[in-house]
Amino acid sequence: MAAHLSSGRVNLTALREAGRRELREFLDKCAGSKAIVWDEYLTGPFGLIAQYSLLKEHEVEKMFTLKPGRLPQADVKNIIFFVRPRLELMDIITDNVLREDRGRSPQRDFHILFVPRRSLLCEQWLKEQGVLGSFIHREQYSLDLIPFDGDLLSMESESAFKECYLESDQTSLYHAAKGLMTLQALYGTIPQIFGKGDCARHVANMMIRMKREFPGSQNSIFPVFDTLLLLDRNVDLLTPLATQLTYEGLIDEIYGIQNTYVKLPPEKFALKKQGEGGKDLPTEPKKLQLNSAEELYAEIRDKNFNAVGSVLSKKAKIISAAFEERHHAKTVGEIKQFVSQLPHMQAARSSLANHTSIAELIKDITTSEDFFDNLTVEQEFMSGIDTDKVNNYIEDCIAQKHPLIKILRLVCLQSVCNSGLKQKVLDHYKREILQTYGYEHILTLNNLEKAGLLKPQTSGRNNYPTIRKTLRLWMDDVNEQNPNDISYVYSGYAPLSVRLAQLLARPGWRSIEEVLKMLPGPHFEERQQLPTGLQKKRQHGENRVTLVFFLGGVTYAEIAALRFLSQMEDGGTEYVIATTKLINGTSWIKSLMDKLEPAPF
């Protein structure tokens with residue numbers, strides 16, 4: 001089931017196993033039959049740790065979604081709530097418990113499992129509502145870093161960026177530090193820590209403090225990671241705003257990938273039988289899991305979308321040739337060999353059919369005039385053209401009332417590529433947006449300004465051109481088919497965050513001191529002492545392993561760029577990626593939106 005987690009340099013199955021063990025231990029504490037009441041947001045992340053079969057083995061007979069009112073009928077001894085520590089969820093749980101029929105016999109036992117931490121505030125709230133005593137077990141399940149793929153971990157904390165940058169709430173940073181301590185307990189102490197940004201500094205400080213407070217946590221495991229790089233999302237606000245142009249990035253931009261699953265319009269996937277025409281087309285969206293366990297997906301996910309078509313047509317020829325082989329099988333041995341390969345060939349054929357359909361869906365969008373116009377403006381901004389004046393295309397889109405998020409992404413992109421907008425330009429955009437989309441969006445604009453995405457140019461100086469030239473963020477001659485640089489993931493723009501990781505590995509950050517000072521937050525280096533005998537002697541030709549942790553979210557295009565660096569012949573470094581949340585420009589801006597609701601009179 002989880003073979004794809006052990007395919008990389010670091011075997012992440014061990015992390016998944018640790019999570020499963022902790023879950024089993026908790027379930028076994030609640031003896032007897034069980035029903036789990038889920039906080040809906042947790043079902044996706046939990047699905048990556050444990051399937052229903054594991055829960056079933058531990059007497060979980062029913063599962064319900066947490067919602068107000070009476071709990072559904074279930075003939076079980078234990079009701080377990082799996083929830084995030086949020087007050088609005090505590091209200092629903094209170095309602096569920098108070099409506100429980102106390103007269104029924106036998107009575108059901110209640111338990112609550114907070115994910116990822118117990119919260120005194122929530123427990124106090126339950127106490128005030130008079131239901132805290134109803135819970136026999138009140139525990140926490142530290143689901144900090146969830147393995148998504150062989151080189152990818154995420155905390156799936158959807159509000160981490162907003163909490164850190166708008167609300168000065170460092171809870172998610174504490175969970176990040178805790179998650180890193182768990183990783184070090186499983187994979188050895190990471191000898192070198194580099195970081196850039198205020199949040200990165202906080203996480204590093206917390207890790208050092210945790211290590212000091214738990215001296216026993218110093219383990220004698222040979223370190224798997226050589227370096228940890230902590231990067232604040234606000235060091236590079238530009239990358240998530242741009243449209244990702246890798247295959248996986250575009251699937252996420254257009255359809256949204258949730259916990260490795262994507263839901264697609266069903267009509268492209270309907271199997272038409274001869275003579276039936278188009279009757280009874282399915283109406284349910286087609287749900288597919290996307291990870292490197294699927295051979296074809298692993299090959300095309302990180303390619304620029306323009307390079308995907310040729311791979312798919314090559315694969316189609318190989319597969320049909322393989323099926324033709326059956327006509328040449330004469331002897332029993334040959335037929336037997338063909339039959340033994342059949343399941344693999346059929347899986348490959350169905351995988352090819354799925355990805356051909358997805359590619360067609362995406363192509364319909366990427367070949368549209370609107371997509372092209374939008375991309376042209378993005379690329380002009382990123383290459384430094386006309387970033388300081390009101391943009392005609394953006395004005396037209398506002399006048400035609402295009403989706404607000406599309407407008408906000410473009411305006412924020414222009415602001416970031418100009419180190420802030422001139423006050424006159426900024427006021428003009430704000431006025432146009434509020435008059436067209438409604439004054440209730442004034443809070444959203446305020447949030448974007450607070451986060452540094454849409455702001456006035458204060459210093460009177462635009463640093464972006466210097467940063468762009470020094471870090472080679474814009475490449476004119478990009479090769480999308482056989483790339484030689486990470487800029488292929490945005491067809492010209494090299495993600496700033498990944499450029500920082502690349503330059504850290506070689507020649508080191510000393511070479512870009514001046515530019516680092518222009519980017520927000522401190523940059524630093526820490527060393528963690530290893531017990532004697534655990535210092536690594538690197539074999540000749542053995543690559544270093546660097547864990548890059550994005551605090552505030554990472555896009556699939558950045559992940560693709562880091563994978564590209566891992567695969568470079570002379571790269572010398574392999575990357576594992578961790579993040580607070582997998583994001584794209586739309587989900588990121590959405591997380592910062594606040595609507596001004598009218599007062600309830």
# chains A, B, ... in the order shown; residues from 1 in each chain; ligands from 1

call {"tool": "residues_around", "arguments": {"residues": "range 560-574 of chain A", "least_positions_apart": "4", "cutoff": "9 Å", "atoms": "only C-alpha atoms", "output": "PyMOL selection string"}}
result
chain A and resi 9+151+246+248-249+301-303+483-489+494-495+498+501-502+505-506+541-547+555-556

call {"tool": "closest_atom_pairs", "arguments": {"of": "range 503-561 of chain A", "to": "range 450-474 of chain A", "cutoff": "9 Å", "atoms": "only C-alpha atoms", "output": "JSON lines"}}
result
{"residue": "A:Leu503", "atom": "CA", "partner": "A:Leu471", "partner_atom": "CA", "distance": 8.7}
{"residue": "A:Ile512", "atom": "CA", "partner": "A:Thr470", "partner_atom": "CA", "distance": 7.8}
{"residue": "A:Val515", "atom": "CA", "partner": "A:Ile467", "partner_atom": "CA", "distance": 6.0}
{"residue": "A:Leu516", "atom": "CA", "partner": "A:Ile467", "partner_atom": "CA", "distance": 8.8}
{"residue": "A:Met518", "atom": "CA", "partner": "A:Asn463", "partner_atom": "CA", "distance": 7.2}
{"residue": "A:Leu519", "atom": "CA", "partner": "A:Ile467", "partner_atom": "CA", "distance": 8.7}

call {"tool": "write_last_selection", "arguments": {"atoms": "C-alpha atoms", "output": "short mmCIF file (atom, residue, chain, number, x, y, z; two decimals), in the first residue's frame"}}
result
data_model
loop_
_atom_site.label_atom_id
_atom_site.label_comp_id
_atom_site.auth_asym_id
_atom_site.auth_seq_id
_atom_site.Cartn_x
_atom_site.Cartn_y
_atom_site.Cartn_z
CA LEU A 503 22.57 28.48 -4.01
CA ILE A 512 24.46 36.38 -2.08
CA VAL A 515 20.36 40.07 -1.75
CA LEU A 516 19.54 38.09 1.40
CA MET A 518 16.90 42.77 0.86
CA LEU A 519 14.55 39.86 1.60
#

call {"tool": "closest_residue", "arguments": {"among": "A:Gln73, A:Asn584, A:Val548, A:Glu395", "to": "Leu153 in chain A", "atoms": "only C-alpha atoms"}}
result
A:Val548

call {"tool": "closest_atom_pairs", "arguments": {"of": "range 551-598 of chain A", "to": "range 184-208 of chain A", "cutoff": "12 Å", "atoms": "only C-alpha atoms", "output": "JSON lines"}}
result
{"residue": "A:Leu551", "atom": "CA", "partner": "A:Cys199", "partner_atom": "CA", "distance": 7.1}
{"residue": "A:Gly552", "atom": "CA", "partner": "A:Cys199", "partner_atom": "CA", "distance": 9.0}
{"residue": "A:Thr579", "atom": "CA", "partner": "A:Ala200", "partner_atom": "CA", "distance": 12.0}
{"residue": "A:Thr580", "atom": "CA", "partner": "A:Cys199", "partner_atom": "CA", "distance": 11.8}

call {"tool": "write_last_selection", "arguments": {"atoms": "N, CA and C atoms", "output": "compact mmCIF listing (two decimals), in the first residue's frame"}}
result
# COMPACT_ATOMS: atom_id res chain seq x y z
N LEU A 551 7.62 27.21 5.63
CA LEU A 551 6.69 27.62 6.69
C LEU A 551 5.68 28.60 6.09
N GLY A 552 4.44 28.13 5.91
CA GLY A 552 3.43 29.00 5.30
C GLY A 552 2.93 28.47 3.98
N THR A 579 6.24 20.91 4.60
CA THR A 579 5.54 22.19 4.57
C THR A 579 4.39 22.20 5.57
N THR A 580 3.90 23.41 5.88
CA THR A 580 2.72 23.51 6.74
C THR A 580 1.47 23.16 5.94

call {"tool": "atom_distance", "arguments": {"atom1": "CA of Ile49 in chain A", "atom2": "CA of Met90 in chain A"}}
result
24.7 Å

call {"tool": "atom_distance", "arguments": {"atom1": "CA of Val377 in chain A", "atom2": "CA of Val308 in chain A"}}
result
24.2 Å

call {"tool": "residues_around", "arguments": {"residues": "range 282-296 of chain A", "least_positions_apart": "5", "cutoff": "9 Å", "atoms": "only C-alpha atoms", "output": "PDB file with all heavy atoms, in the first residue's frame"}}
result
ATOM      1  N   MET A   1       0.835  -1.204   0.000  1.00  0.00           N
ATOM      2  CA  MET A   1       0.000   0.000   0.000  1.00  0.00           C
ATOM      3  C   MET A   1       0.867   1.250   0.000  1.00  0.00           C
ATOM      4  O   MET A   1       0.640   2.202  -0.708  1.00  0.00           O
ATOM      5  CB  MET A   1      -0.912  -0.059   1.239  1.00  0.00           C
ATOM      6  CG  MET A   1      -1.662   1.203   1.605  1.00  0.00           C
ATOM      7  SD  MET A   1      -2.649   1.838   0.263  1.00  0.00           S
ATOM      8  CE  MET A   1      -2.400   3.570   0.437  1.00  0.00           C
ATOM      9  N   ALA A   2       1.923   1.257   0.818  1.00  0.00           N
ATOM     10  CA  ALA A   2       2.695   2.499   0.959  1.00  0.00           C
ATOM     11  C   ALA A   2       4.086   2.373   0.345  1.00  0.00           C
ATOM     12  O   ALA A   2       5.033   2.998   0.821  1.00  0.00           O
ATOM     13  CB  ALA A   2       2.794   2.854   2.433  1.00  0.00           C
ATOM     14  N   ALA A   3       4.189   1.554  -0.712  1.00  0.00           N
ATOM     15  CA  ALA A   3       5.519   1.328  -1.316  1.00  0.00           C
ATOM     16  C   ALA A   3       6.133   2.628  -1.801  1.00  0.00           C
ATOM     17  O   ALA A   3       7.352   2.823  -1.738  1.00  0.00           O
ATOM     18  CB  ALA A   3       5.392   0.342  -2.469  1.00  0.00           C
ATOM     19  N   HIS A   4       5.266   3.572  -2.266  1.00  0.00           N
ATOM     20  CA  HIS A   4       5.808   4.830  -2.797  1.00  0.00           C
ATOM     21  C   HIS A   4       6.480   5.677  -1.708  1.00  0.00           C
ATOM     22  O   HIS A   4       7.261   6.561  -2.011  1.00  0.00           O
ATOM     23  CB  HIS A   4       4.717   5.643  -3.502  1.00  0.00           C
ATOM     24  CG  HIS A   4       3.595   6.043  -2.597  1.00  0.00           C
ATOM     25  ND1 HIS A   4       2.686   5.125  -2.101  1.00  0.00           N
ATOM     26  CD2 HIS A   4       3.231   7.242  -2.085  1.00  0.00           C
ATOM     27  CE1 HIS A   4       1.819   5.763  -1.326  1.00  0.00           C
ATOM     28  NE2 HIS A   4       2.122   7.034  -1.299  1.00  0.00           N
ATOM     29  N   LEU A   5       6.172   5.389  -0.430  1.00  0.00           N
ATOM     30  CA  LEU A   5       6.786   6.170   0.662  1.00  0.00           C
ATOM     31  C   LEU A   5       8.223   5.731   0.916  1.00  0.00           C
ATOM     32  O   LEU A   5       9.003   6.446   1.533  1.00  0.00           O
ATOM     33  CB  LEU A   5       5.986   6.036   1.957  1.00  0.00           C
ATOM     34  CG  LEU A   5       4.558   6.593   1.929  1.00  0.00           C
ATOM     35  CD1 LEU A   5       3.909   6.430   3.279  1.00  0.00           C
ATOM     36  CD2 LEU A   5       4.549   8.060   1.519  1.00  0.00           C
ATOM     37  N   SER A   7      10.298   4.741  -1.552  1.00  0.00           N
ATOM     38  CA  SER A   7      11.057   4.710  -2.807  1.00  0.00           C
ATOM     39  C   SER A   7      12.177   5.748  -2.856  1.00  0.00           C
ATOM     40  O   SER A   7      13.084   5.655  -3.661  1.00  0.00           O
ATOM     41  CB  SER A   7      10.101   4.934  -3.982  1.00  0.00           C
ATOM     42  OG  SER A   7       9.413   6.158  -3.779  1.00  0.00           O
ATOM     43  N   PHE A 148       3.123  12.397   2.355  1.00  0.00           N
ATOM     44  CA  PHE A 148       2.272  12.434   1.168  1.00  0.00           C
ATOM     45  C   PHE A 148       2.876  11.610   0.037  1.00  0.00           C
ATOM     46  O   PHE A 148       2.185  11.086  -0.800  1.00  0.00           O
ATOM     47  CB  PHE A 148       2.110  13.883   0.682  1.00  0.00           C
ATOM     48  CG  PHE A 148       0.950  14.589   1.309  1.00  0.00           C
ATOM     49  CD1 PHE A 148       0.855  14.734   2.691  1.00  0.00           C
ATOM     50  CD2 PHE A 148      -0.055  15.105   0.532  1.00  0.00           C
ATOM     51  CE1 PHE A 148      -0.223  15.367   3.268  1.00  0.00           C
ATOM     52  CE2 PHE A 148      -1.151  15.741   1.105  1.00  0.00           C
ATOM     53  CZ  PHE A 148      -1.232  15.872   2.473  1.00  0.00           C
ATOM     54  N   ASP A 149       4.212  11.581   0.009  1.00  0.00           N
ATOM     55  CA  ASP A 149       4.901  10.849  -1.050  1.00  0.00           C
ATOM     56  C   ASP A 149       6.303  10.531  -0.566  1.00  0.00           C
ATOM     57  O   ASP A 149       6.681  10.918   0.542  1.00  0.00           O
ATOM     58  CB  ASP A 149       4.944  11.695  -2.334  1.00  0.00           C
ATOM     59  CG  ASP A 149       4.671  10.829  -3.560  1.00  0.00           C
ATOM     60  OD1 ASP A 149       5.257   9.721  -3.627  1.00  0.00           O
ATOM     61  OD2 ASP A 149       3.882  11.222  -4.427  1.00  0.00           O
ATOM     62  N   GLY A 150       7.100   9.866  -1.406  1.00  0.00           N
ATOM     63  CA  GLY A 150       8.430   9.428  -0.973  1.00  0.00           C
ATOM     64  C   GLY A 150       9.365  10.560  -0.582  1.00  0.00           C
ATOM     65  O   GLY A 150      10.359  10.337   0.114  1.00  0.00           O
ATOM     66  N   GLU A 248       1.361  18.551 -12.750  1.00  0.00           N
ATOM     67  CA  GLU A 248       0.709  18.453 -11.436  1.00  0.00           C
ATOM     68  C   GLU A 248       0.246  19.829 -10.960  1.00  0.00           C
ATOM     69  O   GLU A 248      -0.834  19.979 -10.383  1.00  0.00           O
ATOM     70  CB  GLU A 248       1.696  17.848 -10.420  1.00  0.00           C
ATOM     71  CG  GLU A 248       1.070  17.562  -9.076  1.00  0.00           C
ATOM     72  CD  GLU A 248       1.947  16.695  -8.183  1.00  0.00           C
ATOM     73  OE1 GLU A 248       3.182  16.894  -8.159  1.00  0.00           O
ATOM     74  OE2 GLU A 248       1.408  15.809  -7.521  1.00  0.00           O
ATOM     75  N   ILE A 257      -6.010  19.757  -5.753  1.00  0.00           N
ATOM     76  CA  ILE A 257      -5.673  18.416  -5.256  1.00  0.00           C
ATOM     77  C   ILE A 257      -5.794  18.453  -3.730  1.00  0.00           C
ATOM     78  O   ILE A 257      -5.181  19.292  -3.089  1.00  0.00           O
ATOM     79  CB  ILE A 257      -4.226  18.024  -5.661  1.00  0.00           C
ATOM     80  CG1 ILE A 257      -4.081  18.025  -7.192  1.00  0.00           C
ATOM     81  CG2 ILE A 257      -3.853  16.658  -5.090  1.00  0.00           C
ATOM     82  CD1 ILE A 257      -2.649  17.828  -7.691  1.00  0.00           C
ATOM     83  N   ASN A 259      -5.244  16.273  -0.342  1.00  0.00           N
ATOM     84  CA  ASN A 259      -4.671  15.059   0.263  1.00  0.00           C
ATOM     85  C   ASN A 259      -4.417  13.965  -0.783  1.00  0.00           C
ATOM     86  O   ASN A 259      -4.844  12.821  -0.615  1.00  0.00           O
ATOM     87  CB  ASN A 259      -5.593  14.515   1.361  1.00  0.00           C
ATOM     88  CG  ASN A 259      -5.856  15.553   2.427  1.00  0.00           C
ATOM     89  OD1 ASN A 259      -4.951  16.009   3.099  1.00  0.00           O
ATOM     90  ND2 ASN A 259      -7.104  15.978   2.549  1.00  0.00           N
ATOM     91  N   THR A 260      -3.745  14.331  -1.852  1.00  0.00           N
ATOM     92  CA  THR A 260      -3.352  13.475  -2.994  1.00  0.00           C
ATOM     93  C   THR A 260      -4.528  13.043  -3.885  1.00  0.00           C
ATOM     94  O   THR A 260      -4.319  12.334  -4.858  1.00  0.00           O
ATOM     95  CB  THR A 260      -2.574  12.191  -2.579  1.00  0.00           C
ATOM     96  OG1 THR A 260      -3.474  11.253  -2.002  1.00  0.00           O
ATOM     97  CG2 THR A 260      -1.442  12.470  -1.623  1.00  0.00           C
ATOM     98  N   TYR A 261      -5.748  13.474  -3.603  1.00  0.00           N
ATOM     99  CA  TYR A 261      -6.885  13.112  -4.464  1.00  0.00           C
ATOM    100  C   TYR A 261      -7.369  14.314  -5.266  1.00  0.00           C
ATOM    101  O   TYR A 261      -7.339  15.453  -4.788  1.00  0.00           O
ATOM    102  CB  TYR A 261      -8.064  12.591  -3.628  1.00  0.00           C
ATOM    103  CG  TYR A 261      -7.847  11.182  -3.132  1.00  0.00           C
ATOM    104  CD1 TYR A 261      -7.251  10.939  -1.897  1.00  0.00           C
ATOM    105  CD2 TYR A 261      -8.202  10.082  -3.917  1.00  0.00           C
ATOM    106  CE1 TYR A 261      -7.025   9.640  -1.444  1.00  0.00           C
ATOM    107  CE2 TYR A 261      -7.988   8.781  -3.470  1.00  0.00           C
ATOM    108  CZ  TYR A 261      -7.404   8.562  -2.245  1.00  0.00           C
ATOM    109  OH  TYR A 261      -7.180   7.274  -1.814  1.00  0.00           O
ATOM    110  N   VAL A 262      -7.836  14.035  -6.487  1.00  0.00           N
ATOM    111  CA  VAL A 262      -8.410  15.112  -7.305  1.00  0.00           C
ATOM    112  C   VAL A 262      -9.774  14.646  -7.812  1.00  0.00           C
ATOM    113  O   VAL A 262      -9.978  13.461  -8.095  1.00  0.00           O
ATOM    114  CB  VAL A 262      -7.471  15.480  -8.488  1.00  0.00           C
ATOM    115  CG1 VAL A 262      -7.327  14.329  -9.476  1.00  0.00           C
ATOM    116  CG2 VAL A 262      -7.964  16.720  -9.212  1.00  0.00           C
ATOM    117  N   LYS A 263     -10.725  15.578  -7.880  1.00  0.00           N
ATOM    118  CA  LYS A 263     -12.046  15.262  -8.431  1.00  0.00           C
ATOM    119  C   LYS A 263     -12.155  15.950  -9.786  1.00  0.00           C
ATOM    120  O   LYS A 263     -11.940  17.163  -9.883  1.00  0.00           O
ATOM    121  CB  LYS A 263     -13.147  15.767  -7.490  1.00  0.00           C
ATOM    122  CG  LYS A 263     -13.291  14.914  -6.251  1.00  0.00           C
ATOM    123  CD  LYS A 263     -14.411  15.413  -5.373  1.00  0.00           C
ATOM    124  CE  LYS A 263     -14.581  14.529  -4.140  1.00  0.00           C
ATOM    125  NZ  LYS A 263     -15.414  15.154  -3.129  1.00  0.00           N
ATOM    126  N   LEU A 264     -12.505  15.156 -10.810  1.00  0.00           N
ATOM    127  CA  LEU A 264     -12.519  15.680 -12.180  1.00  0.00           C
ATOM    128  C   LEU A 264     -13.899  15.548 -12.805  1.00  0.00           C
ATOM    129  O   LEU A 264     -14.682  14.678 -12.421  1.00  0.00           O
ATOM    130  CB  LEU A 264     -11.502  14.895 -13.022  1.00  0.00           C
ATOM    131  CG  LEU A 264     -10.057  15.024 -12.533  1.00  0.00           C
ATOM    132  CD1 LEU A 264      -9.267  13.805 -12.908  1.00  0.00           C
ATOM    133  CD2 LEU A 264      -9.409  16.278 -13.092  1.00  0.00           C
ATOM    134  N   PRO A 265     -14.203  16.403 -13.807  1.00  0.00           N
ATOM    135  CA  PRO A 265     -15.503  16.286 -14.484  1.00  0.00           C
ATOM    136  C   PRO A 265     -15.639  14.901 -15.114  1.00  0.00           C
ATOM    137  O   PRO A 265     -14.712  14.444 -15.797  1.00  0.00           O
ATOM    138  CB  PRO A 265     -15.461  17.371 -15.569  1.00  0.00           C
ATOM    139  CG  PRO A 265     -14.173  18.086 -15.413  1.00  0.00           C
ATOM    140  CD  PRO A 265     -13.368  17.471 -14.332  1.00  0.00           C
ATOM    141  N   PRO A 266     -16.759  14.224 -14.896  1.00  0.00           N
ATOM    142  CA  PRO A 266     -16.856  12.803 -15.260  1.00  0.00           C
ATOM    143  C   PRO A 266     -16.971  12.528 -16.757  1.00  0.00           C
ATOM    144  O   PRO A 266     -16.605  11.453 -17.220  1.00  0.00           O
ATOM    145  CB  PRO A 266     -18.122  12.343 -14.533  1.00  0.00           C
ATOM    146  CG  PRO A 266     -18.935  13.590 -14.357  1.00  0.00           C
ATOM    147  CD  PRO A 266     -17.971  14.725 -14.245  1.00  0.00           C
ATOM    148  N   GLU A 267     -17.455  13.540 -17.513  1.00  0.00           N
ATOM    149  CA  GLU A 267     -17.788  13.193 -18.907  1.00  0.00           C
ATOM    150  C   GLU A 267     -16.593  12.692 -19.734  1.00  0.00           C
ATOM    151  O   GLU A 267     -16.738  11.852 -20.608  1.00  0.00           O
ATOM    152  CB  GLU A 267     -18.508  14.341 -19.632  1.00  0.00           C
ATOM    153  CG  GLU A 267     -17.913  15.724 -19.500  1.00  0.00           C
ATOM    154  CD  GLU A 267     -18.207  16.404 -18.153  1.00  0.00           C
ATOM    155  OE1 GLU A 267     -18.822  15.781 -17.256  1.00  0.00           O
ATOM    156  OE2 GLU A 267     -17.783  17.553 -17.991  1.00  0.00           O
ATOM    157  N   PHE A 269     -14.367  10.730 -18.754  1.00  0.00           N
ATOM    158  CA  PHE A 269     -13.946   9.395 -18.301  1.00  0.00           C
ATOM    159  C   PHE A 269     -15.020   8.328 -18.547  1.00  0.00           C
ATOM    160  O   PHE A 269     -14.878   7.207 -18.129  1.00  0.00           O
ATOM    161  CB  PHE A 269     -13.591   9.432 -16.809  1.00  0.00           C
ATOM    162  CG  PHE A 269     -12.447  10.356 -16.518  1.00  0.00           C
ATOM    163  CD1 PHE A 269     -12.678  11.701 -16.236  1.00  0.00           C
ATOM    164  CD2 PHE A 269     -11.135   9.904 -16.561  1.00  0.00           C
ATOM    165  CE1 PHE A 269     -11.614  12.569 -15.987  1.00  0.00           C
ATOM    166  CE2 PHE A 269     -10.080  10.764 -16.325  1.00  0.00           C
ATOM    167  CZ  PHE A 269     -10.324  12.096 -16.035  1.00  0.00           C
ATOM    168  N   ALA A 270     -16.131   8.738 -19.207  1.00  0.00           N
ATOM    169  CA  ALA A 270     -17.222   7.771 -19.431  1.00  0.00           C
ATOM    170  C   ALA A 270     -16.799   6.771 -20.497  1.00  0.00           C
ATOM    171  O   ALA A 270     -16.263   7.141 -21.533  1.00  0.00           O
ATOM    172  CB  ALA A 270     -18.465   8.520 -19.872  1.00  0.00           C
ATOM    173  N   ARG A 301       4.481  14.011 -13.799  1.00  0.00           N
ATOM    174  CA  ARG A 301       3.920  15.017 -12.886  1.00  0.00           C
ATOM    175  C   ARG A 301       4.724  16.317 -12.842  1.00  0.00           C
ATOM    176  O   ARG A 301       4.153  17.410 -12.744  1.00  0.00           O
ATOM    177  CB  ARG A 301       3.802  14.431 -11.470  1.00  0.00           C
ATOM    178  CG  ARG A 301       5.154  14.197 -10.805  1.00  0.00           C
ATOM    179  CD  ARG A 301       5.092  13.341  -9.564  1.00  0.00           C
ATOM    180  NE  ARG A 301       4.247  13.870  -8.513  1.00  0.00           N
ATOM    181  CZ  ARG A 301       4.054  13.278  -7.343  1.00  0.00           C
ATOM    182  NH1 ARG A 301       4.681  12.135  -7.076  1.00  0.00           N
ATOM    183  NH2 ARG A 301       3.298  13.807  -6.438  1.00  0.00           N
ATOM    184  N   LEU A 312       3.029  11.023 -23.470  1.00  0.00           N
ATOM    185  CA  LEU A 312       1.817  10.197 -23.518  1.00  0.00           C
ATOM    186  C   LEU A 312       1.714   9.443 -24.846  1.00  0.00           C
ATOM    187  O   LEU A 312       1.352   8.268 -24.868  1.00  0.00           O
ATOM    188  CB  LEU A 312       0.558  11.062 -23.301  1.00  0.00           C
ATOM    189  CG  LEU A 312       0.390  11.671 -21.899  1.00  0.00           C
ATOM    190  CD1 LEU A 312      -0.846  12.561 -21.850  1.00  0.00           C
ATOM    191  CD2 LEU A 312       0.288  10.599 -20.824  1.00  0.00           C
ATOM    192  N   LYS A 315       4.172   6.559 -24.846  1.00  0.00           N
ATOM    193  CA  LYS A 315       3.682   5.492 -23.971  1.00  0.00           C
ATOM    194  C   LYS A 315       2.583   4.685 -24.672  1.00  0.00           C
ATOM    195  O   LYS A 315       2.519   3.463 -24.560  1.00  0.00           O
ATOM    196  CB  LYS A 315       3.107   6.080 -22.670  1.00  0.00           C
ATOM    197  CG  LYS A 315       4.175   6.364 -21.622  1.00  0.00           C
ATOM    198  CD  LYS A 315       4.464   5.113 -20.806  1.00  0.00           C
ATOM    199  CE  LYS A 315       5.489   5.362 -19.724  1.00  0.00           C
ATOM    200  NZ  LYS A 315       6.869   5.278 -20.122  1.00  0.00           N
ATOM    201  N   ALA A 348      -1.301  -0.189 -16.745  1.00  0.00           N
ATOM    202  CA  ALA A 348      -0.616   0.863 -17.511  1.00  0.00           C
ATOM    203  C   ALA A 348      -1.565   1.466 -18.540  1.00  0.00           C
ATOM    204  O   ALA A 348      -1.582   2.689 -18.754  1.00  0.00           O
ATOM    205  CB  ALA A 348       0.617   0.287 -18.198  1.00  0.00           C
ATOM    206  N   SER A 351      -4.094   3.679 -16.717  1.00  0.00           N
ATOM    207  CA  SER A 351      -3.389   4.887 -16.254  1.00  0.00           C
ATOM    208  C   SER A 351      -3.200   5.854 -17.425  1.00  0.00           C
ATOM    209  O   SER A 351      -3.438   7.066 -17.311  1.00  0.00           O
ATOM    210  CB  SER A 351      -2.041   4.474 -15.657  1.00  0.00           C
ATOM    211  OG  SER A 351      -1.224   5.577 -15.443  1.00  0.00           O
ATOM    212  N   LEU A 352      -2.793   5.318 -18.578  1.00  0.00           N
ATOM    213  CA  LEU A 352      -2.591   6.157 -19.768  1.00  0.00           C
ATOM    214  C   LEU A 352      -3.904   6.811 -20.198  1.00  0.00           C
ATOM    215  O   LEU A 352      -3.955   8.000 -20.515  1.00  0.00           O
ATOM    216  CB  LEU A 352      -2.024   5.313 -20.910  1.00  0.00           C
ATOM    217  CG  LEU A 352      -1.816   6.070 -22.232  1.00  0.00           C
ATOM    218  CD1 LEU A 352      -0.659   7.055 -22.111  1.00  0.00           C
ATOM    219  CD2 LEU A 352      -1.552   5.108 -23.375  1.00  0.00           C
ATOM    220  N   ASN A 354      -6.501   7.533 -18.318  1.00  0.00           N
ATOM    221  CA  ASN A 354      -6.835   8.597 -17.361  1.00  0.00           C
ATOM    222  C   ASN A 354      -6.042   9.865 -17.631  1.00  0.00           C
ATOM    223  O   ASN A 354      -6.596  10.967 -17.676  1.00  0.00           O
ATOM    224  CB  ASN A 354      -6.557   8.134 -15.927  1.00  0.00           C
ATOM    225  CG  ASN A 354      -7.648   7.225 -15.406  1.00  0.00           C
ATOM    226  OD1 ASN A 354      -8.766   7.223 -15.920  1.00  0.00           O
ATOM    227  ND2 ASN A 354      -7.333   6.435 -14.398  1.00  0.00           N
ATOM    228  N   HIS A 355      -4.729   9.705 -17.799  1.00  0.00           N
ATOM    229  CA  HIS A 355      -3.894  10.913 -17.944  1.00  0.00           C
ATOM    230  C   HIS A 355      -4.072  11.582 -19.303  1.00  0.00           C
ATOM    231  O   HIS A 355      -3.921  12.799 -19.416  1.00  0.00           O
ATOM    232  CB  HIS A 355      -2.430  10.594 -17.628  1.00  0.00           C
ATOM    233  CG  HIS A 355      -2.231  10.366 -16.167  1.00  0.00           C
ATOM    234  ND1 HIS A 355      -2.356  11.390 -15.246  1.00  0.00           N
ATOM    235  CD2 HIS A 355      -2.009   9.235 -15.440  1.00  0.00           C
ATOM    236  CE1 HIS A 355      -2.190  10.900 -14.033  1.00  0.00           C
ATOM    237  NE2 HIS A 355      -1.981   9.596 -14.118  1.00  0.00           N
TER     238      HIS A 355
END

call {"tool": "select_by_dssp", "arguments": {"residues": "range 253-420 of chain A", "states": "helix (DSSP H, G or I)", "output": "PyMOL selection string"}}
result
chain A and resi 253-255+266-269+295-300+305-327+332-366+369-382+392-399+404-416

call {"tool": "closest_residue", "arguments": {"among": "A:Leu166, A:Ile80, A:Leu592, A:Leu231", "to": "Leu500 in chain A", "atoms": "only C-alpha atoms"}}
result
A:Leu231
